[in-house]
>>> print(open('final_32.txt').read())   # compact mmCIF, C-alpha atoms (C1' of nucleotides)
# COMPACT_ATOMS: atom_id res chain seq x y z
CA MET D 1 35.15 -0.69 -0.69
CA LYS D 2 31.83 -1.93 -2.00
CA ILE D 3 28.64 -1.16 -0.09
CA ALA D 4 25.02 -1.99 -0.81
CA THR D 5 21.46 -1.48 0.41
CA TRP D 6 18.46 -3.81 0.05
CA ASN D 7 14.97 -3.69 1.50
CA VAL D 8 14.24 -7.43 1.79
CA ASN D 9 10.58 -7.23 2.92
CA SER D 10 10.92 -9.98 5.58
CA LEU D 11 14.32 -11.49 6.26
CA ASN D 12 12.58 -14.76 7.18
CA VAL D 13 11.29 -15.15 3.65
CA ARG D 14 14.29 -13.61 1.88
CA LEU D 15 17.21 -15.15 3.79
CA PRO D 16 17.98 -17.64 0.97
CA HIS D 17 18.04 -14.77 -1.54
CA VAL D 18 20.36 -12.73 0.66
CA LEU D 19 22.79 -15.60 1.17
CA GLU D 20 22.78 -16.48 -2.52
CA TRP D 21 23.28 -12.83 -3.48
CA LEU D 22 26.24 -12.44 -1.15
CA LYS D 23 27.92 -15.39 -2.87
CA THR D 24 27.77 -13.71 -6.28
CA SER D 25 28.08 -10.13 -4.95
CA PRO D 26 30.50 -10.32 -2.03
CA VAL D 27 30.15 -6.69 -0.96
CA ASP D 28 32.03 -5.33 2.06
CA VAL D 29 28.86 -3.91 3.60
CA LEU D 30 25.20 -4.80 3.06
CA CYS D 31 22.49 -2.71 4.74
CA LEU D 32 19.13 -4.46 5.05
CA GLN D 33 15.71 -2.98 5.81
CA GLU D 34 12.28 -4.38 6.70
CA LEU D 35 13.61 -7.43 8.52
CA LYS D 36 10.20 -7.89 10.19
CA LEU D 37 11.65 -10.00 12.97
CA GLU D 38 12.72 -9.64 16.59
CA ASP D 39 16.43 -9.55 17.41
CA THR D 40 16.16 -12.96 19.09
CA LYS D 41 15.11 -14.39 15.72
CA PHE D 42 17.86 -12.75 13.64
CA PRO D 43 19.70 -15.43 11.59
CA LEU D 44 23.12 -14.49 12.97
CA GLU D 45 24.64 -17.93 12.50
CA ALA D 46 23.75 -18.03 8.80
CA MET D 47 25.32 -14.59 8.27
CA GLU D 48 28.49 -15.62 10.09
CA GLU D 49 28.71 -18.80 8.05
CA ALA D 50 28.50 -16.59 4.96
CA GLY D 51 31.54 -14.69 6.27
CA TYR D 52 29.80 -11.61 7.65
CA PHE D 53 29.51 -9.81 10.93
CA ALA D 54 25.98 -8.60 11.63
CA VAL D 55 24.50 -5.92 13.86
CA PHE D 56 20.76 -5.39 13.89
CA ASN D 57 17.90 -3.41 15.35
CA GLY D 58 14.63 -5.26 14.90
CA GLN D 59 11.10 -5.65 16.19
CA LYS D 60 8.16 -7.98 15.69
CA THR D 61 6.11 -7.71 12.46
CA TYR D 62 7.36 -4.38 11.08
CA ASN D 63 10.49 -2.39 10.27
CA GLY D 64 13.89 -3.62 11.44
CA VAL D 65 17.36 -2.86 10.02
CA ALA D 66 20.71 -4.65 9.93
CA ILE D 67 24.27 -4.03 8.78
CA LEU D 68 26.27 -6.99 7.47
CA SER D 69 30.01 -6.45 7.03
CA ARG D 70 33.18 -8.34 6.17
CA ALA D 71 35.10 -6.31 8.77
CA LYS D 72 34.12 -5.96 12.40
CA PRO D 73 31.61 -3.15 12.99
CA GLU D 74 32.65 -0.59 15.60
CA ASP D 75 30.87 2.18 17.50
CA VAL D 76 27.40 0.68 16.84
CA VAL D 77 24.52 3.08 17.50
CA LYS D 78 20.88 1.98 17.27
CA ASP D 79 18.04 4.45 16.56
CA MET D 80 18.45 8.23 16.39
CA PRO D 81 19.84 9.38 19.75
CA ASP D 82 17.69 12.54 20.00
CA TYR D 83 14.42 11.20 18.59
CA ALA D 84 12.22 8.88 20.65
CA ASP D 85 10.75 6.31 18.26
CA ALA D 86 9.17 2.94 19.01
CA GLN D 87 9.80 1.88 15.40
CA LYS D 88 13.16 0.30 14.65
CA ARG D 89 14.39 2.14 11.58
CA VAL D 90 18.03 3.13 12.14
CA ILE D 91 21.36 1.49 12.86
CA ALA D 92 24.85 2.95 12.41
CA ALA D 93 28.36 1.55 12.68
CA THR D 94 31.92 2.32 11.62
CA ILE D 95 33.38 -0.26 9.22
CA ASN D 96 36.91 0.00 7.83
CA GLY D 97 36.94 3.54 9.19
CA VAL D 98 33.82 4.56 7.24
CA ARG D 99 30.73 5.71 9.14
CA ILE D 100 27.78 3.72 7.79
CA VAL D 101 24.22 4.83 8.60
CA ASN D 102 21.42 2.47 7.54
CA VAL D 103 17.89 3.91 7.49
CA TYR D 104 14.40 2.67 6.73
CA ILE D 105 12.63 5.98 6.27
CA VAL D 106 8.91 6.16 7.03
CA ASN D 107 6.59 5.43 4.09
CA GLY D 108 3.91 7.96 5.01
CA GLN D 109 0.97 6.14 3.37
CA THR D 110 -0.94 9.21 2.11
CA VAL D 111 -0.27 12.93 2.44
CA ASP D 112 -3.38 13.47 4.58
CA SER D 113 -2.53 10.70 7.07
CA ASP D 114 -0.95 10.81 10.53
CA LYS D 115 1.78 8.60 9.08
CA TYR D 116 2.77 11.39 6.70
CA GLN D 117 3.10 13.81 9.63
CA TYR D 118 5.27 11.20 11.35
CA LYS D 119 7.36 10.97 8.17
CA MET D 120 7.91 14.73 8.13
CA ALA D 121 8.94 14.82 11.80
CA TRP D 122 11.16 11.78 11.28
CA LEU D 123 12.91 13.39 8.29
CA THR D 124 13.54 16.54 10.32
CA ALA D 125 15.14 14.40 13.03
CA LEU D 126 17.21 12.54 10.44
CA ARG D 127 18.56 15.76 9.00
CA LYS D 128 19.70 16.85 12.47
CA TYR D 129 21.19 13.41 13.12
CA MET D 130 23.14 13.57 9.86
CA GLU D 131 24.31 17.09 10.58
CA ASP D 132 25.75 15.76 13.85
CA ALA D 133 27.16 12.65 12.15
CA VAL D 134 28.99 14.67 9.49
CA SER D 135 30.35 16.93 12.23
CA THR D 136 31.48 13.96 14.33
CA TYR D 137 32.82 11.60 11.66
CA GLY D 138 33.71 13.90 8.76
CA GLU D 139 32.71 11.41 6.09
CA VAL D 140 29.44 9.47 6.18
CA ALA D 141 27.63 6.94 3.98
CA LEU D 142 23.85 7.15 4.38
CA LEU D 143 22.16 4.12 2.83
CA GLY D 144 18.68 2.73 2.85
CA ASP D 145 15.09 2.78 1.78
CA TYR D 146 14.30 6.50 1.71
CA ASN D 147 10.71 6.17 0.51
CA ILE D 148 11.42 9.31 -1.54
CA ALA D 149 11.70 9.52 -5.32
CA PRO D 150 14.02 12.56 -5.54
CA GLU D 151 13.04 13.70 -9.04
CA ASP D 152 10.40 13.04 -11.68
CA ARG D 153 12.86 10.91 -13.64
CA ASP D 154 12.89 8.52 -10.67
CA VAL D 155 9.19 7.74 -11.21
CA HIS D 156 7.66 5.63 -13.99
CA ASP D 157 4.66 7.94 -14.32
CA PRO D 158 5.45 11.35 -12.81
CA LYS D 159 2.08 12.81 -13.76
CA ALA D 160 0.15 10.07 -11.99
CA TRP D 161 2.40 10.38 -8.93
CA ALA D 162 2.53 14.20 -8.79
CA GLY D 163 1.80 15.33 -5.24
CA GLN D 164 1.45 11.73 -4.02
CA VAL D 165 3.40 10.29 -1.12
CA LEU D 166 7.06 9.55 -2.06
CA CYS D 167 6.94 12.40 -4.59
CA THR D 168 5.71 15.48 -2.70
CA ASP D 169 7.69 18.71 -2.71
CA ALA D 170 8.04 18.47 1.09
CA GLU D 171 9.65 15.02 0.86
CA ARG D 172 11.92 16.10 -1.98
CA ASP D 173 12.87 19.20 0.03
CA HIS D 174 14.00 16.90 2.81
CA PHE D 175 16.06 14.88 0.34
CA ARG D 176 17.70 18.07 -0.93
CA GLY D 177 18.21 19.10 2.68
CA LEU D 178 20.35 16.02 3.20
CA ILE D 179 22.28 16.80 0.00
CA ALA D 180 22.85 20.31 1.36
CA LEU D 181 24.72 18.82 4.31
CA GLY D 182 27.42 17.80 1.84
CA PHE D 183 26.09 14.50 0.51
CA ALA D 184 25.99 13.37 -3.11
CA ASP D 185 23.44 10.95 -4.57
CA SER D 186 26.04 8.42 -5.73
CA PHE D 187 23.79 6.91 -8.38
CA ARG D 188 23.64 10.25 -10.20
CA LEU D 189 27.41 10.66 -10.34
CA PHE D 190 27.20 8.58 -13.51
CA ASP D 191 25.13 8.57 -16.67
CA GLN D 192 22.43 6.01 -15.98
CA PRO D 193 19.83 4.29 -18.13
CA GLU D 194 16.46 6.04 -18.27
CA LYS D 195 13.80 4.49 -16.07
CA SER D 196 16.25 3.11 -13.52
CA PHE D 197 14.22 1.95 -10.52
CA THR D 198 14.79 0.08 -7.24
CA TRP D 199 11.19 -0.81 -6.34
CA TRP D 200 8.27 -2.19 -8.33
CA ASP D 201 4.75 -2.87 -7.07
CA TYR D 202 3.90 -6.53 -6.67
CA ARG D 203 0.58 -5.80 -8.35
CA MET D 204 -0.17 -5.29 -12.05
CA HIS D 205 3.04 -7.02 -13.17
CA GLY D 206 4.88 -3.88 -12.11
CA PHE D 207 8.36 -5.32 -12.60
CA ARG D 208 7.68 -6.92 -15.96
CA ARG D 209 6.36 -3.58 -17.23
CA ASN D 210 9.06 -1.60 -15.39
CA LEU D 211 6.46 0.45 -13.52
CA GLY D 212 8.81 1.34 -10.70
CA MET D 213 10.36 4.05 -8.58
CA ARG D 214 13.91 4.85 -7.47
CA ILE D 215 13.50 5.17 -3.72
CA ASP D 216 16.53 3.28 -2.36
CA HIS D 217 19.63 5.45 -2.24
CA ILE D 218 23.27 5.61 -1.23
CA LEU D 219 24.33 9.13 -0.24
CA LEU D 220 28.03 9.82 0.32
CA THR D 221 29.81 12.86 1.70
CA LYS D 222 32.24 14.65 -0.59
CA ASN D 223 35.52 12.79 -0.14
CA LEU D 224 33.81 9.41 -0.38
CA ALA D 225 31.78 10.58 -3.38
CA GLY D 226 34.98 11.80 -5.03
CA GLY D 227 36.32 8.26 -4.99
CA VAL D 228 33.27 6.50 -6.41
CA THR D 229 34.09 4.15 -9.30
CA SER D 230 30.64 2.63 -9.89
CA ALA D 231 27.01 2.92 -8.80
CA VAL D 232 24.51 0.36 -10.02
CA ILE D 233 21.10 -1.17 -9.38
CA ASP D 234 21.14 -4.97 -9.49
CA VAL D 235 17.73 -6.03 -10.81
CA GLU D 236 18.54 -9.75 -10.82
CA PRO D 237 17.10 -10.57 -7.36
CA ARG D 238 13.78 -9.01 -8.41
CA LYS D 239 13.47 -11.77 -11.06
CA LEU D 240 13.60 -14.64 -8.55
CA GLU D 241 10.68 -16.65 -7.19
CA ARG D 242 9.05 -14.84 -4.25
CA PRO D 243 11.22 -11.72 -4.61
CA SER D 244 11.33 -8.68 -2.39
CA ASP D 245 9.58 -5.75 -4.07
CA HIS D 246 12.90 -3.85 -3.76
CA THR D 247 16.22 -4.77 -5.36
CA PRO D 248 19.82 -3.99 -4.24
CA VAL D 249 21.77 -0.82 -5.00
CA ILE D 250 25.58 -1.10 -4.97
CA VAL D 251 28.31 1.53 -4.86
CA GLU D 252 32.06 1.04 -5.05
CA PHE D 253 34.52 3.70 -3.94
CA LYS D 254 38.21 4.05 -3.16
CA SER D 255 38.90 4.04 0.55
C1' DA T 1 -12.35 0.51 -11.75
C1' DT T 2 -8.72 4.12 -5.70
C1' DG T 3 -8.32 -2.43 -7.05
C1' DG T 4 -4.68 -5.17 -8.60
C1' DC T 5 0.21 -8.57 -4.58
C1' DT T 6 2.81 -9.96 -0.51
C1' DC T 7 3.95 -10.00 4.24
C1' DG T 8 2.98 -11.09 9.47
C1' DT T 9 -0.33 -12.45 12.53
C1' DG T 10 -2.44 -16.55 13.49
C1' DT T 11 -5.42 -19.87 11.48
C1' DA T 12 -9.88 -15.34 9.18
C1' DA T 13 -9.45 -11.43 7.56
C1' DC T 14 -6.83 -7.20 8.07
C1' DG T 15 -3.24 -3.58 8.40
C1' DA T 16 0.71 -2.09 6.07
C1' DG T 17 3.66 -1.45 2.41
C1' DA T 18 4.71 2.18 -1.76
>>> encode(input="final_32.txt", output="structure tokens")
Amino acid sequence: MKIATWNVNSLNVRLPHVLEWLKTSPVDVLCLQELKLEDTKFPLEAMEEAGYFAVFNGQKTYNGVAILSRAKPEDVVKDMPDYADAQKRVIAATINGVRIVNVYIVNGQTVDSDKYQYKMAWLTALRKYMEDAVSTYGEVALLGDYNIAPEDRDVHDPKAWAGQVLCTDAERDHFRGLIALGFADSFRLFDQPEKSFTWWDYRMHGFRRNLGMRIDHILLTKNLAGGVTSAVIDVEPRKLERPSDHTPVIVEFKS
DNA sequence: ATGGCTCGTGTAACGAGA
């Protein structure tokens, strides 16, 4: 089974990229974030024509998540059941017997902002949700835009980013807290090139200079992680005209 | 130099992203 995550930064703008990517990378599951559109405007027909089922949890202007899958999604749950949140950041479904949880974790803006406090509370809720999910389903795949660079090697300039949002100890503690539930960071199951990133700032020619961060992740519980055969970042979509600032991450595992 | 792009909204700037 091959699963992927991609923050598209507006599905309206990026729909052609997504459809083209699915042709060359026909994954079994693709989790999308930052749709930035209401559910009534989700391009369901285009996804079905591409051969995918789609379930989605969107809102106007901001946020929004979707799961595309070759097989029919079952037991679809939108949002975190025990955390009231007006922002549409979570959707989960079971596909081919695998519990898939797609998250768009809060950015947090700056450490002294209300948004950072919201991020901390949100991450606490996510940890509880995942504890319950692992208990309920046994094996879980947690994919998405985490807005956390887990280690200094996931940041192009760790000194400049030290203590900044995405890189604070508190955020990294939350990431390790998820790992402690029994997850593995699938990307790090393999030797990877240095300076492997999934996001680059639109400004300052960030991509061309590889000034990026690794903030999009695919976490897998132990049995799934034990069957992983590859984990890669596909930088090709970031080279297109009008790209998303994020690029897809793909993991393949035996199932 | 605390900016630099890009998006949605809505039709001018501005908030938000990371």
>>> atom_distance(input="final_32.txt", atom1="atom CA of D:Gln59", atom2="atom CA of D:Leu37")
5.4 Å
>>> residues_around(input="final_32.txt", residues="D:Ile233", least_positions_apart="3", cutoff="8 Å", atoms="only C-alpha atoms (C1' of nucleotides)", output="PyMOL selection string")
chain D and resi 196-198+247-250
>>> residues_near_point(input="final_32.txt", point="(8.7, 1.4, -16.8)", cutoff="7 Å", atoms="all atoms listed in the file", output="JSON, numbers by chain")
{"D": [156, 195, 209, 210, 211, 212]}
>>> residues_around(input="final_32.txt", residues="D:Ile91", least_positions_apart="2", cutoff="6 Å", atoms="all atoms listed in the file", output="list in words")
Val77, Lys78, Asp79 and Asn102 of chain D
>>> interface_residues(input="final_32.txt", of="chain T", to="chain D", cutoff="12 Å", atoms="all atoms listed in the file", output="list of chain:residue names")
T:DG3, T:DG4, T:DC5, T:DT6, T:DC7, T:DG8, T:DT9, T:DG15, T:DA16, T:DG17, T:DA18
>>> closest_residue(input="final_32.txt", among="D:Gly144, D:Gly97, D:Gly138, D:Pro81", to="D:Val65", atoms="all atoms listed in the file")
D:Gly144
>>> decode(input="final_32.txt", residues="stretch 70-91 of chain D", atoms="C-alpha atoms", output="mmCIF file, in the first residue's frame")
data_model
loop_
_atom_site.group_PDB
_atom_site.id
_atom_site.type_symbol
_atom_site.label_atom_id
_atom_site.label_comp_id
_atom_site.auth_asym_id
_atom_site.auth_seq_id
_atom_site.Cartn_x
_atom_site.Cartn_y
_atom_site.Cartn_z
ATOM 1 C CA ARG D 70 -8.523 4.017 -4.570
ATOM 2 C CA ALA D 71 -10.616 1.869 -2.207
ATOM 3 C CA LYS D 72 -13.826 2.982 -0.544
ATOM 4 C CA PRO D 73 -13.222 4.860 2.722
ATOM 5 C CA GLU D 74 -15.059 3.468 5.743
ATOM 6 C CA ASP D 75 -15.801 4.729 9.249
ATOM 7 C CA VAL D 76 -15.172 8.385 8.281
ATOM 8 C CA VAL D 77 -14.714 10.724 11.261
ATOM 9 C CA LYS D 78 -14.354 14.494 10.830
ATOM 10 C CA ASP D 79 -12.584 16.684 13.425
ATOM 11 C CA MET D 80 -11.346 15.452 16.811
ATOM 12 C CA PRO D 81 -14.359 14.074 18.695
ATOM 13 C CA ASP D 82 -13.378 15.499 22.109
ATOM 14 C CA TYR D 83 -12.023 18.884 21.014
ATOM 15 C CA ALA D 84 -14.382 21.662 19.918
ATOM 16 C CA ASP D 85 -12.704 23.492 17.044
ATOM 17 C CA ALA D 86 -14.210 25.808 14.438
ATOM 18 C CA GLN D 87 -11.190 25.186 12.190
ATOM 19 C CA LYS D 88 -11.392 22.203 9.861
ATOM 20 C CA ARG D 89 -8.098 20.410 10.365
ATOM 21 C CA VAL D 90 -8.791 16.693 10.797
ATOM 22 C CA ILE D 91 -10.395 13.845 8.889
#
